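Novice: Just one file: run.pdb, with PDB, N, CA and C atoms, pLDDT in the B column.
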```pdb
ATOM      1  N   MET A  27      94.685  90.283 100.745  1.00 64.00           N
ATOM      2  CA  MET A  27      95.937  90.351 101.455  1.00 64.00           C
ATOM      3  C   MET A  27      95.917  91.466 102.497  1.00 64.00           C
ATOM      4  N   LEU A  28      95.356  92.598 102.127  1.00 70.00           N
ATOM      5  CA  LEU A  28      95.276  93.717 103.057  1.00 70.00           C
ATOM      6  C   LEU A  28      94.455  93.338 104.284  1.00 70.00           C
ATOM      7  N   TYR A  29      93.317  92.697 104.063  1.00 76.00           N
ATOM      8  CA  TYR A  29      92.473  92.273 105.182  1.00 76.00           C
ATOM      9  C   TYR A  29      93.231  91.302 106.087  1.00 76.00           C
ATOM     10  N   ALA A  30      93.931  90.351 105.497  1.00 82.00           N
ATOM     11  CA  ALA A  30      94.669  89.362 106.282  1.00 82.00           C
ATOM     12  C   ALA A  30      95.777  90.030 107.096  1.00 82.00           C
ATOM     13  N   SER A  31      96.498  90.946 106.493  1.00 82.00           N
ATOM     14  CA  SER A  31      97.563  91.668 107.209  1.00 82.00           C
ATOM     15  C   SER A  31      96.988  92.459 108.370  1.00 82.00           C
ATOM     16  N   ASN A  32      95.892  93.139 108.109  1.00 81.00           N
ATOM     17  CA  ASN A  32      95.222  93.916 109.148  1.00 81.00           C
ATOM     18  C   ASN A  32      94.808  93.004 110.300  1.00 81.00           C
ATOM     19  N   HIS A  33      94.246  91.848 109.986  1.00 84.00           N
ATOM     20  CA  HIS A  33      93.798  90.891 110.991  1.00 84.00           C
ATOM     21  C   HIS A  33      94.974  90.394 111.837  1.00 84.00           C
ATOM     22  N   ILE A  34      96.068  90.064 111.194  1.00 89.00           N
ATOM     23  CA  ILE A  34      97.256  89.572 111.902  1.00 89.00           C
ATOM     24  C   ILE A  34      97.798  90.631 112.852  1.00 89.00           C
ATOM     25  N   ILE A  35      97.899  91.854 112.380  1.00 89.00           N
ATOM     26  CA  ILE A  35      98.447  92.934 113.212  1.00 89.00           C
ATOM     27  C   ILE A  35      97.521  93.235 114.386  1.00 89.00           C
ATOM     28  N   ARG A  36      96.223  93.292 114.142  1.00 86.00           N
ATOM     29  CA  ARG A  36      95.279  93.538 115.243  1.00 86.00           C
ATOM     30  C   ARG A  36      95.340  92.417 116.275  1.00 86.00           C
ATOM     31  N   ASN A  37      95.419  91.184 115.841  1.00 89.00           N
ATOM     32  CA  ASN A  37      95.539  90.074 116.787  1.00 89.00           C
ATOM     33  C   ASN A  37      96.797  90.204 117.628  1.00 89.00           C
ATOM     34  N   PHE A  38      97.901  90.566 116.983  1.00 90.00           N
ATOM     35  CA  PHE A  38      99.145  90.759 117.724  1.00 90.00           C
ATOM     36  C   PHE A  38      98.987  91.858 118.772  1.00 90.00           C
ATOM     37  N   LEU A  39      98.381  92.971 118.400  1.00 88.00           N
ATOM     38  CA  LEU A  39      98.207  94.076 119.338  1.00 88.00           C
ATOM     39  C   LEU A  39      97.326  93.673 120.513  1.00 88.00           C
ATOM     40  N   TYR A  40      96.243  92.965 120.229  1.00 87.00           N
ATOM     41  CA  TYR A  40      95.366  92.519 121.314  1.00 87.00           C
ATOM     42  C   TYR A  40      96.076  91.513 122.223  1.00 87.00           C
ATOM     43  N   GLN A  41      96.808  90.579 121.636  1.00 89.00           N
ATOM     44  CA  GLN A  41      97.495  89.578 122.444  1.00 89.00           C
ATOM     45  C   GLN A  41      98.659  90.174 123.226  1.00 89.00           C
ATOM     46  N   SER A  42      99.282  91.209 122.692  1.00 90.00           N
ATOM     47  CA  SER A  42     100.379  91.849 123.410  1.00 90.00           C
ATOM     48  C   SER A  42      99.880  92.582 124.655  1.00 90.00           C
ATOM     49  N   HIS A  43      98.585  92.800 124.713  1.00 89.00           N
ATOM     50  CA  HIS A  43      97.995  93.427 125.901  1.00 89.00           C
ATOM     51  C   HIS A  43      98.230  92.552 127.140  1.00 89.00           C
ATOM     52  N   ILE A  44      98.343  91.251 126.942  1.00 91.00           N
ATOM     53  CA  ILE A  44      98.644  90.330 128.050  1.00 91.00           C
ATOM     54  C   ILE A  44      99.988  90.687 128.672  1.00 91.00           C
ATOM     55  N   LEU A  45     100.966  91.034 127.836  1.00 90.00           N
ATOM     56  CA  LEU A  45     102.272  91.435 128.351  1.00 90.00           C
ATOM     57  C   LEU A  45     102.162  92.691 129.211  1.00 90.00           C
ATOM     58  N   LYS A  46     101.336  93.620 128.770  1.00 91.00           N
ATOM     59  CA  LYS A  46     101.138  94.847 129.538  1.00 91.00           C
ATOM     60  C   LYS A  46     100.532  94.530 130.897  1.00 91.00           C
ATOM     61  N   MET A  47      99.547  93.652 130.913  1.00 92.00           N
ATOM     62  CA  MET A  47      98.904  93.292 132.179  1.00 92.00           C
ATOM     63  C   MET A  47      99.907  92.628 133.131  1.00 92.00           C
ATOM     64  N   GLU A  48     100.771  91.773 132.609  1.00 93.00           N
ATOM     65  CA  GLU A  48     101.806  91.133 133.428  1.00 93.00           C
ATOM     66  C   GLU A  48     102.784  92.185 133.959  1.00 93.00           C
ATOM     67  N   ALA A  49     103.174  93.116 133.120  1.00 93.00           N
ATOM     68  CA  ALA A  49     104.109  94.165 133.535  1.00 93.00           C
ATOM     69  C   ALA A  49     103.506  95.035 134.633  1.00 93.00           C
ATOM     70  N   GLU A  50     102.215  95.316 134.528  1.00 93.00           N
ATOM     71  CA  GLU A  50     101.557  96.143 135.538  1.00 93.00           C
ATOM     72  C   GLU A  50     101.515  95.457 136.900  1.00 93.00           C
ATOM     73  N   GLU A  51     101.498  94.139 136.902  1.00 94.00           N
ATOM     74  CA  GLU A  51     101.480  93.397 138.161  1.00 94.00           C
ATOM     75  C   GLU A  51     102.860  93.316 138.816  1.00 94.00           C
ATOM     76  N   ASN A  52     103.897  93.584 138.053  1.00 93.00           N
ATOM     77  CA  ASN A  52     105.259  93.533 138.570  1.00 93.00           C
ATOM     78  C   ASN A  52     105.628  94.918 139.098  1.00 93.00           C
ATOM     79  N   ILE A  53     105.791  95.044 140.401  1.00 91.00           N
ATOM     80  CA  ILE A  53     106.021  96.366 141.011  1.00 91.00           C
ATOM     81  C   ILE A  53     107.369  96.974 140.621  1.00 91.00           C
ATOM     82  N   THR A  54     108.296  96.161 140.144  1.00 93.00           N
ATOM     83  CA  THR A  54     109.602  96.701 139.761  1.00 93.00           C
ATOM     84  C   THR A  54     109.659  97.101 138.288  1.00 93.00           C
ATOM     85  N   PHE A  55     108.599  96.818 137.541  1.00 92.00           N
ATOM     86  CA  PHE A  55     108.585  97.164 136.114  1.00 92.00           C
ATOM     87  C   PHE A  55     108.421  98.665 135.958  1.00 92.00           C
ATOM     88  N   ASN A  56     109.198  99.264 135.087  1.00 93.00           N
ATOM     89  CA  ASN A  56     109.178 100.709 134.861  1.00 93.00           C
ATOM     90  C   ASN A  56     107.824 101.144 134.283  1.00 93.00           C
ATOM     91  N   LYS A  57     107.122 102.004 135.005  1.00 92.00           N
ATOM     92  CA  LYS A  57     105.782 102.449 134.585  1.00 92.00           C
ATOM     93  C   LYS A  57     105.830 103.285 133.307  1.00 92.00           C
ATOM     94  N   SER A  58     106.913 104.000 133.084  1.00 94.00           N
ATOM     95  CA  SER A  58     106.995 104.798 131.847  1.00 94.00           C
ATOM     96  C   SER A  58     107.103 103.883 130.624  1.00 94.00           C
ATOM     97  N   THR A  59     107.689 102.723 130.792  1.00 93.00           N
ATOM     98  CA  THR A  59     107.754 101.755 129.702  1.00 93.00           C
ATOM     99  C   THR A  59     106.355 101.240 129.371  1.00 93.00           C
ATOM    100  N   ILE A  60     105.562 100.993 130.393  1.00 91.00           N
ATOM    101  CA  ILE A  60     104.173 100.570 130.184  1.00 91.00           C
ATOM    102  C   ILE A  60     103.405 101.658 129.447  1.00 91.00           C
ATOM    103  N   ASN A  61     103.601 102.898 129.840  1.00 92.00           N
ATOM    104  CA  ASN A  61     102.927 104.020 129.173  1.00 92.00           C
ATOM    105  C   ASN A  61     103.355 104.142 127.716  1.00 92.00           C
ATOM    106  N   MET A  62     104.646 103.958 127.442  1.00 92.00           N
ATOM    107  CA  MET A  62     105.125 104.014 126.054  1.00 92.00           C
ATOM    108  C   MET A  62     104.497 102.899 125.233  1.00 92.00           C
ATOM    109  N   PHE A  63     104.393 101.714 125.819  1.00 91.00           N
ATOM    110  CA  PHE A  63     103.751 100.598 125.127  1.00 91.00           C
ATOM    111  C   PHE A  63     102.308 100.946 124.787  1.00 91.00           C
ATOM    112  N   GLU A  64     101.584 101.476 125.752  1.00 91.00           N
ATOM    113  CA  GLU A  64     100.165 101.808 125.554  1.00 91.00           C
ATOM    114  C   GLU A  64     100.001 102.872 124.463  1.00 91.00           C
ATOM    115  N   GLU A  65     100.860 103.888 124.470  1.00 91.00           N
ATOM    116  CA  GLU A  65     100.805 104.923 123.439  1.00 91.00           C
ATOM    117  C   GLU A  65     101.096 104.341 122.058  1.00 91.00           C
ATOM    118  N   SER A  66     102.080 103.457 121.978  1.00 89.00           N
ATOM    119  CA  SER A  66     102.419 102.825 120.693  1.00 89.00           C
ATOM    120  C   SER A  66     101.275 101.962 120.188  1.00 89.00           C
ATOM    121  N   LYS A  67     100.658 101.218 121.092  1.00 89.00           N
ATOM    122  CA  LYS A  67      99.534 100.363 120.718  1.00 89.00           C
ATOM    123  C   LYS A  67      98.367 101.210 120.219  1.00 89.00           C
ATOM    124  N   ASP A  68      98.071 102.287 120.937  1.00 90.00           N
ATOM    125  CA  ASP A  68      96.974 103.172 120.529  1.00 90.00           C
ATOM    126  C   ASP A  68      97.237 103.793 119.160  1.00 90.00           C
ATOM    127  N   GLU A  69      98.477 104.215 118.933  1.00 88.00           N
ATOM    128  CA  GLU A  69      98.829 104.801 117.638  1.00 88.00           C
ATOM    129  C   GLU A  69      98.694 103.764 116.525  1.00 88.00           C
ATOM    130  N   ALA A  70      99.157 102.556 116.778  1.00 88.00           N
ATOM    131  CA  ALA A  70      99.055 101.497 115.769  1.00 88.00           C
ATOM    132  C   ALA A  70      97.595 101.208 115.433  1.00 88.00           C
ATOM    133  N   MET A  71      96.738 101.163 116.440  1.00 88.00           N
ATOM    134  CA  MET A  71      95.313 100.904 116.202  1.00 88.00           C
ATOM    135  C   MET A  71      94.692 102.037 115.384  1.00 88.00           C
ATOM    136  N   LEU A  72      95.049 103.276 115.701  1.00 88.00           N
ATOM    137  CA  LEU A  72      94.526 104.426 114.962  1.00 88.00           C
ATOM    138  C   LEU A  72      94.975 104.376 113.497  1.00 88.00           C
ATOM    139  N   LEU A  73      96.252 104.101 113.271  1.00 87.00           N
ATOM    140  CA  LEU A  73      96.762 104.043 111.901  1.00 87.00           C
ATOM    141  C   LEU A  73      96.143 102.885 111.126  1.00 87.00           C
ATOM    142  N   LEU A  74      95.950 101.753 111.782  1.00 87.00           N
ATOM    143  CA  LEU A  74      95.282 100.627 111.115  1.00 87.00           C
ATOM    144  C   LEU A  74      93.863 100.992 110.716  1.00 87.00           C
ATOM    145  N   LYS A  75      93.179 101.682 111.601  1.00 87.00           N
ATOM    146  CA  LYS A  75      91.804 102.100 111.296  1.00 87.00           C
ATOM    147  C   LYS A  75      91.788 103.021 110.082  1.00 87.00           C
ATOM    148  N   LYS A  76      92.726 103.968 110.054  1.00 87.00           N
ATOM    149  CA  LYS A  76      92.784 104.898 108.923  1.00 87.00           C
ATOM    150  C   LYS A  76      93.153 104.173 107.636  1.00 87.00           C
ATOM    151  N   LEU A  77      94.106 103.270 107.703  1.00 85.00           N
ATOM    152  CA  LEU A  77      94.499 102.521 106.506  1.00 85.00           C
ATOM    153  C   LEU A  77      93.362 101.626 106.026  1.00 85.00           C
ATOM    154  N   SER A  78      92.557 101.130 106.947  1.00 84.00           N
ATOM    155  CA  SER A  78      91.441 100.259 106.575  1.00 84.00           C
ATOM    156  C   SER A  78      90.353 100.999 105.818  1.00 84.00           C
ATOM    157  N   SER A  79      90.345 102.317 105.916  1.00 84.00           N
ATOM    158  CA  SER A  79      89.298 103.099 105.258  1.00 84.00           C
ATOM    159  C   SER A  79      89.651 103.467 103.813  1.00 84.00           C
ATOM    160  N   ILE A  80      90.835 103.109 103.365  1.00 85.00           N
ATOM    161  CA  ILE A  80      91.254 103.436 102.003  1.00 85.00           C
ATOM    162  C   ILE A  80      90.424 102.631 101.005  1.00 85.00           C
ATOM    163  N   THR A  81      89.891 103.328 100.015  1.00 86.00           N
ATOM    164  CA  THR A  81      89.096 102.637  98.999  1.00 86.00           C
ATOM    165  C   THR A  81      89.915 102.321  97.747  1.00 86.00           C
ATOM    166  N   LYS A  82      90.909 103.147  97.466  1.00 87.00           N
ATOM    167  CA  LYS A  82      91.795 102.897  96.315  1.00 87.00           C
ATOM    168  C   LYS A  82      93.220 102.784  96.847  1.00 87.00           C
ATOM    169  N   ILE A  83      93.803 101.613  96.695  1.00 84.00           N
ATOM    170  CA  ILE A  83      95.123 101.370  97.257  1.00 84.00           C
ATOM    171  C   ILE A  83      96.198 101.830  96.277  1.00 84.00           C
ATOM    172  N   ASP A  84      96.820 102.950  96.632  1.00 87.00           N
ATOM    173  CA  ASP A  84      97.982 103.448  95.904  1.00 87.00           C
ATOM    174  C   ASP A  84      98.813 104.279  96.877  1.00 87.00           C
ATOM    175  N   ASP A  85     100.028 104.624  96.474  1.00 89.00           N
ATOM    176  CA  ASP A  85     100.947 105.337  97.366  1.00 89.00           C
ATOM    177  C   ASP A  85     100.349 106.621  97.930  1.00 89.00           C
ATOM    178  N   THR A  86      99.704 107.395  97.079  1.00 89.00           N
ATOM    179  CA  THR A  86      99.157 108.688  97.497  1.00 89.00           C
ATOM    180  C   THR A  86      98.065 108.516  98.544  1.00 89.00           C
ATOM    181  N   ASN A  87      97.136 107.625  98.309  1.00 86.00           N
ATOM    182  CA  ASN A  87      96.051 107.417  99.267  1.00 86.00           C
ATOM    183  C   ASN A  87      96.551 106.840 100.582  1.00 86.00           C
ATOM    184  N   ILE A  88      97.514 105.944 100.511  1.00 86.00           N
ATOM    185  CA  ILE A  88      98.080 105.381 101.735  1.00 86.00           C
ATOM    186  C   ILE A  88      98.750 106.482 102.543  1.00 86.00           C
ATOM    187  N   TYR A  89      99.589 107.271 101.898  1.00 86.00           N
ATOM    188  CA  TYR A  89     100.277 108.365 102.590  1.00 86.00           C
ATOM    189  C   TYR A  89      99.287 109.370 103.165  1.00 86.00           C
ATOM    190  N   ASN A  90      98.322 109.789 102.368  1.00 87.00           N
ATOM    191  CA  ASN A  90      97.361 110.788 102.823  1.00 87.00           C
ATOM    192  C   ASN A  90      96.511 110.289 103.991  1.00 87.00           C
ATOM    193  N   SER A  91      96.265 108.986 104.063  1.00 87.00           N
ATOM    194  CA  SER A  91      95.425 108.462 105.141  1.00 87.00           C
ATOM    195  C   SER A  91      96.101 108.571 106.506  1.00 87.00           C
ATOM    196  N   ILE A  92      97.430 108.534 106.524  1.00 87.00           N
ATOM    197  CA  ILE A  92      98.140 108.597 107.803  1.00 87.00           C
ATOM    198  C   ILE A  92      99.016 109.840 107.942  1.00 87.00           C
ATOM    199  N   LYS A  93      98.967 110.711 106.953  1.00 85.00           N
ATOM    200  CA  LYS A  93      99.827 111.897 106.898  1.00 85.00           C
ATOM    201  C   LYS A  93      99.760 112.736 108.170  1.00 85.00           C
ATOM    202  N   GLU A  94      98.577 113.028 108.646  1.00 81.00           N
ATOM    203  CA  GLU A  94      98.421 113.903 109.812  1.00 81.00           C
ATOM    204  C   GLU A  94      99.123 113.332 111.044  1.00 81.00           C
ATOM    205  N   GLU A  95      98.930 112.045 111.303  1.00 79.00           N
ATOM    206  CA  GLU A  95      99.545 111.429 112.471  1.00 79.00           C
ATOM    207  C   GLU A  95     101.066 111.386 112.348  1.00 79.00           C
ATOM    208  N   VAL A  96     101.562 111.090 111.149  1.00 75.00           N
ATOM    209  CA  VAL A  96     103.006 111.042 110.929  1.00 75.00           C
ATOM    210  C   VAL A  96     103.609 112.420 111.144  1.00 75.00           C
ATOM    211  N   GLU A  97     102.967 113.445 110.598  1.00 79.00           N
ATOM    212  CA  GLU A  97     103.479 114.807 110.766  1.00 79.00           C
ATOM    213  C   GLU A  97     103.408 115.253 112.216  1.00 79.00           C
ATOM    214  N   ASN A  98     102.327 114.909 112.912  1.00 78.00           N
ATOM    215  CA  ASN A  98     102.208 115.279 114.322  1.00 78.00           C
ATOM    216  C   ASN A  98     103.296 114.596 115.161  1.00 78.00           C
ATOM    217  N   LYS A  99     103.554 113.341 114.879  1.00 74.00           N
ATOM    218  CA  LYS A  99     104.556 112.597 115.632  1.00 74.00           C
ATOM    219  C   LYS A  99     105.949 113.152 115.373  1.00 74.00           C
ATOM    220  N   ASN A 100     106.210 113.554 114.125  1.00 74.00           N
ATOM    221  CA  ASN A 100     107.524 114.082 113.770  1.00 74.00           C
ATOM    222  C   ASN A 100     107.671 115.557 114.104  1.00 74.00           C
ATOM    223  N   GLY A 101     106.578 116.192 114.512  1.00 69.00           N
ATOM    224  CA  GLY A 101     106.628 117.600 114.876  1.00 69.00           C
ATOM    225  C   GLY A 101     106.728 118.540 113.703  1.00 69.00           C
ATOM    226  N   THR A 102     106.336 118.106 112.519  1.00 59.00           N
ATOM    227  CA  THR A 102     106.385 118.977 111.355  1.00 59.00           C
ATOM    228  C   THR A 102     105.074 119.737 111.227  1.00 59.00           C
ATOM    229  N   VAL A 103     105.140 120.835 110.521  1.00 48.00           N
ATOM    230  CA  VAL A 103     103.953 121.654 110.301  1.00 48.00           C
ATOM    231  C   VAL A 103     103.210 121.121 109.097  1.00 48.00           C
ATOM    232  N   GLN A 104     101.898 121.001 109.249  1.00 50.00           N
ATOM    233  CA  GLN A 104     101.070 120.532 108.139  1.00 50.00           C
ATOM    234  C   GLN A 104     100.807 121.658 107.175  1.00 50.00           C
ATOM    235  N   SER A 105     100.730 121.325 105.894  1.00 48.00           N
ATOM    236  CA  SER A 105     100.449 122.377 104.893  1.00 48.00           C
ATOM    237  C   SER A 105      98.986 122.426 104.590  1.00 48.00           C
TER     238      SER A 105
END
```
Translate the structure of the given file into structure tokens.
Specialist:
Amino acid sequence: MLYASNHIIRNFLYQSHILKMEAEENITFNKSTINMFEESKDEAMLLLKKLSSITKIDDTNIYNSIKEEVENKNGTVQS
């Protein structure tokens, strides 16, 4: 199930790149929106990669695999 979910999400992210390409061709499209999309896509890919490396699936391992990115995004200090 984890592999299938990962595959579905990655396919969505890759296919959504088409929307970005269309937006870039539209001169009236807000460039900051395109940048936000790209940052979100990059973050999602990074988190998927980290989650894919988990060998034992439990709450602690899932949280620890993405903890650094979540804390950095929220601006909290890591312990």
Novice: Which residue gives the smallest distance to A:Arg36 among A:Met62, A:Leu74, A:Ile88, A:Ile53, with only N, CA and C atoms counted?
Specialist: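 Using only N, CA and C atoms, A:Arg36 sits closest to A:Leu74.
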Novice: Please indicate the distance in Å from atom C of A:Leu45 to atom CA of A:His33, rounded to one decimal place.
Specialist: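 Atom C of A:Leu45 sits 20.1 Å away from atom CA of A:His33.
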Novice: Could you check how far atom CA of A:Lys67 sits from atom CA of A:Lys82, in Å to one decimal?
Specialist: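 Between these atoms lies a distance of 25.7 Å.
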Novice: Could you pull out the helix (DSSP H, G or I) residues of chain A, going by DSSP on the backbone, and write them as an MDAnalysis selection string?
Specialist: chainID A and resid 28:51 57:78 85:100
Novice: Calculated over only C-alpha atoms, which of the candidates A:Ile92, A:Leu73, A:Ile83, A:Ile60 has the smallest distance to A:Ile44?
Specialist: A:Ile60
Novice: Would you mind reading off the distance between atom CA of A:Tyr89 and atom C of A:Ala30, one decimal, in Å?
Specialist: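 Separation of atom CA of A:Tyr89 and atom C of A:Ala30: 19.4 Å.
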Novice: My list of candidates is A:Phe55, A:Glu48, A:Tyr40, A:Asn90. Which is closest to A:Asp68 when distances are computed with only C-alpha atoms?
Specialist: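 Of A:Phe55, A:Glu48, A:Tyr40, A:Asn90, the one nearest A:Asp68 is A:Tyr40, counting only C-alpha atoms.
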Novice: Could you check the closest approach to A:Lys76 for each of A:Leu39, A:Glu64, A:Ser91, A:Asn98 and tell me which residue wins, using all atoms listed in the file?
Specialist: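 The shortest atom-to-atom distance to A:Lys76 comes from A:Ser91.
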Novice: Using only C-alpha atoms, pick whichever of A:Asp84, A:Glu50, A:Lys57, A:Ser78 has the shortest atom-to-atom distance to A:Ser31.
Specialist: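 Nearest candidate to A:Ser31 out of A:Asp84, A:Glu50, A:Lys57, A:Ser78: A:Ser78.
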Novice: Please determine an axis-aligned box that encloses all atoms of stretch 56-63 of chain A listed in the file, with 3 Å added on each side, and express its centre and edge lengths in Å to one decimal as lines of an AutoDock Vina configuration file.
Specialist:
```
center_x = 105.8
center_y = 102.0
center_z = 129.9
size_x = 12.9
size_y = 11.5
size_z = 16.3
```
Novice: Quick one: of A:Thr86, A:Asn100, A:Met71, A:Glu94, who's nearest to A:Phe38, counting only C-alpha atoms?
Specialist: A:Met71
Novice: Will you model N, CA, C and O atoms for stretch 45-59 of chain A and pass it back as a PDB file, in the frame of the given file?
Specialist:
```pdb
ATOM      1  N   LEU A  45     100.966  91.034 127.836  1.00 90.00           N
ATOM      2  CA  LEU A  45     102.272  91.435 128.351  1.00 90.00           C
ATOM      3  C   LEU A  45     102.162  92.691 129.211  1.00 90.00           C
ATOM      4  O   LEU A  45     102.808  92.798 130.255  1.00 90.00           O
ATOM      5  N   LYS A  46     101.336  93.620 128.770  1.00 91.00           N
ATOM      6  CA  LYS A  46     101.138  94.847 129.538  1.00 91.00           C
ATOM      7  C   LYS A  46     100.532  94.530 130.897  1.00 91.00           C
ATOM      8  O   LYS A  46     100.964  95.062 131.925  1.00 91.00           O
ATOM      9  N   MET A  47      99.547  93.652 130.913  1.00 92.00           N
ATOM     10  CA  MET A  47      98.904  93.292 132.179  1.00 92.00           C
ATOM     11  C   MET A  47      99.907  92.628 133.131  1.00 92.00           C
ATOM     12  O   MET A  47      99.925  92.913 134.336  1.00 92.00           O
ATOM     13  N   GLU A  48     100.771  91.773 132.609  1.00 93.00           N
ATOM     14  CA  GLU A  48     101.806  91.133 133.428  1.00 93.00           C
ATOM     15  C   GLU A  48     102.784  92.185 133.959  1.00 93.00           C
ATOM     16  O   GLU A  48     103.188  92.128 135.121  1.00 93.00           O
ATOM     17  N   ALA A  49     103.174  93.116 133.120  1.00 93.00           N
ATOM     18  CA  ALA A  49     104.109  94.165 133.535  1.00 93.00           C
ATOM     19  C   ALA A  49     103.506  95.035 134.633  1.00 93.00           C
ATOM     20  O   ALA A  49     104.199  95.437 135.572  1.00 93.00           O
ATOM     21  N   GLU A  50     102.215  95.316 134.528  1.00 93.00           N
ATOM     22  CA  GLU A  50     101.557  96.143 135.538  1.00 93.00           C
ATOM     23  C   GLU A  50     101.515  95.457 136.900  1.00 93.00           C
ATOM     24  O   GLU A  50     101.517  96.123 137.928  1.00 93.00           O
ATOM     25  N   GLU A  51     101.498  94.139 136.902  1.00 94.00           N
ATOM     26  CA  GLU A  51     101.480  93.397 138.161  1.00 94.00           C
ATOM     27  C   GLU A  51     102.860  93.316 138.816  1.00 94.00           C
ATOM     28  O   GLU A  51     102.965  93.022 139.995  1.00 94.00           O
ATOM     29  N   ASN A  52     103.897  93.584 138.053  1.00 93.00           N
ATOM     30  CA  ASN A  52     105.259  93.533 138.570  1.00 93.00           C
ATOM     31  C   ASN A  52     105.628  94.918 139.098  1.00 93.00           C
ATOM     32  O   ASN A  52     105.790  95.867 138.335  1.00 93.00           O
ATOM     33  N   ILE A  53     105.791  95.044 140.401  1.00 91.00           N
ATOM     34  CA  ILE A  53     106.021  96.366 141.011  1.00 91.00           C
ATOM     35  C   ILE A  53     107.369  96.974 140.621  1.00 91.00           C
ATOM     36  O   ILE A  53     107.544  98.186 140.723  1.00 91.00           O
ATOM     37  N   THR A  54     108.296  96.161 140.144  1.00 93.00           N
ATOM     38  CA  THR A  54     109.602  96.701 139.761  1.00 93.00           C
ATOM     39  C   THR A  54     109.659  97.101 138.288  1.00 93.00           C
ATOM     40  O   THR A  54     110.651  97.674 137.849  1.00 93.00           O
ATOM     41  N   PHE A  55     108.599  96.818 137.541  1.00 92.00           N
ATOM     42  CA  PHE A  55     108.585  97.164 136.114  1.00 92.00           C
ATOM     43  C   PHE A  55     108.421  98.665 135.958  1.00 92.00           C
ATOM     44  O   PHE A  55     107.574  99.282 136.610  1.00 92.00           O
ATOM     45  N   ASN A  56     109.198  99.264 135.087  1.00 93.00           N
ATOM     46  CA  ASN A  56     109.178 100.709 134.861  1.00 93.00           C
ATOM     47  C   ASN A  56     107.824 101.144 134.283  1.00 93.00           C
ATOM     48  O   ASN A  56     107.450 100.719 133.193  1.00 93.00           O
ATOM     49  N   LYS A  57     107.122 102.004 135.005  1.00 92.00           N
ATOM     50  CA  LYS A  57     105.782 102.449 134.585  1.00 92.00           C
ATOM     51  C   LYS A  57     105.830 103.285 133.307  1.00 92.00           C
ATOM     52  O   LYS A  57     104.893 103.266 132.517  1.00 92.00           O
ATOM     53  N   SER A  58     106.913 104.000 133.084  1.00 94.00           N
ATOM     54  CA  SER A  58     106.995 104.798 131.847  1.00 94.00           C
ATOM     55  C   SER A  58     107.103 103.883 130.624  1.00 94.00           C
ATOM     56  O   SER A  58     106.622 104.233 129.549  1.00 94.00           O
ATOM     57  N   THR A  59     107.689 102.723 130.792  1.00 93.00           N
ATOM     58  CA  THR A  59     107.754 101.755 129.702  1.00 93.00           C
ATOM     59  C   THR A  59     106.355 101.240 129.371  1.00 93.00           C
ATOM     60  O   THR A  59     106.006 101.082 128.198  1.00 93.00           O
TER      61      THR A  59
END
```
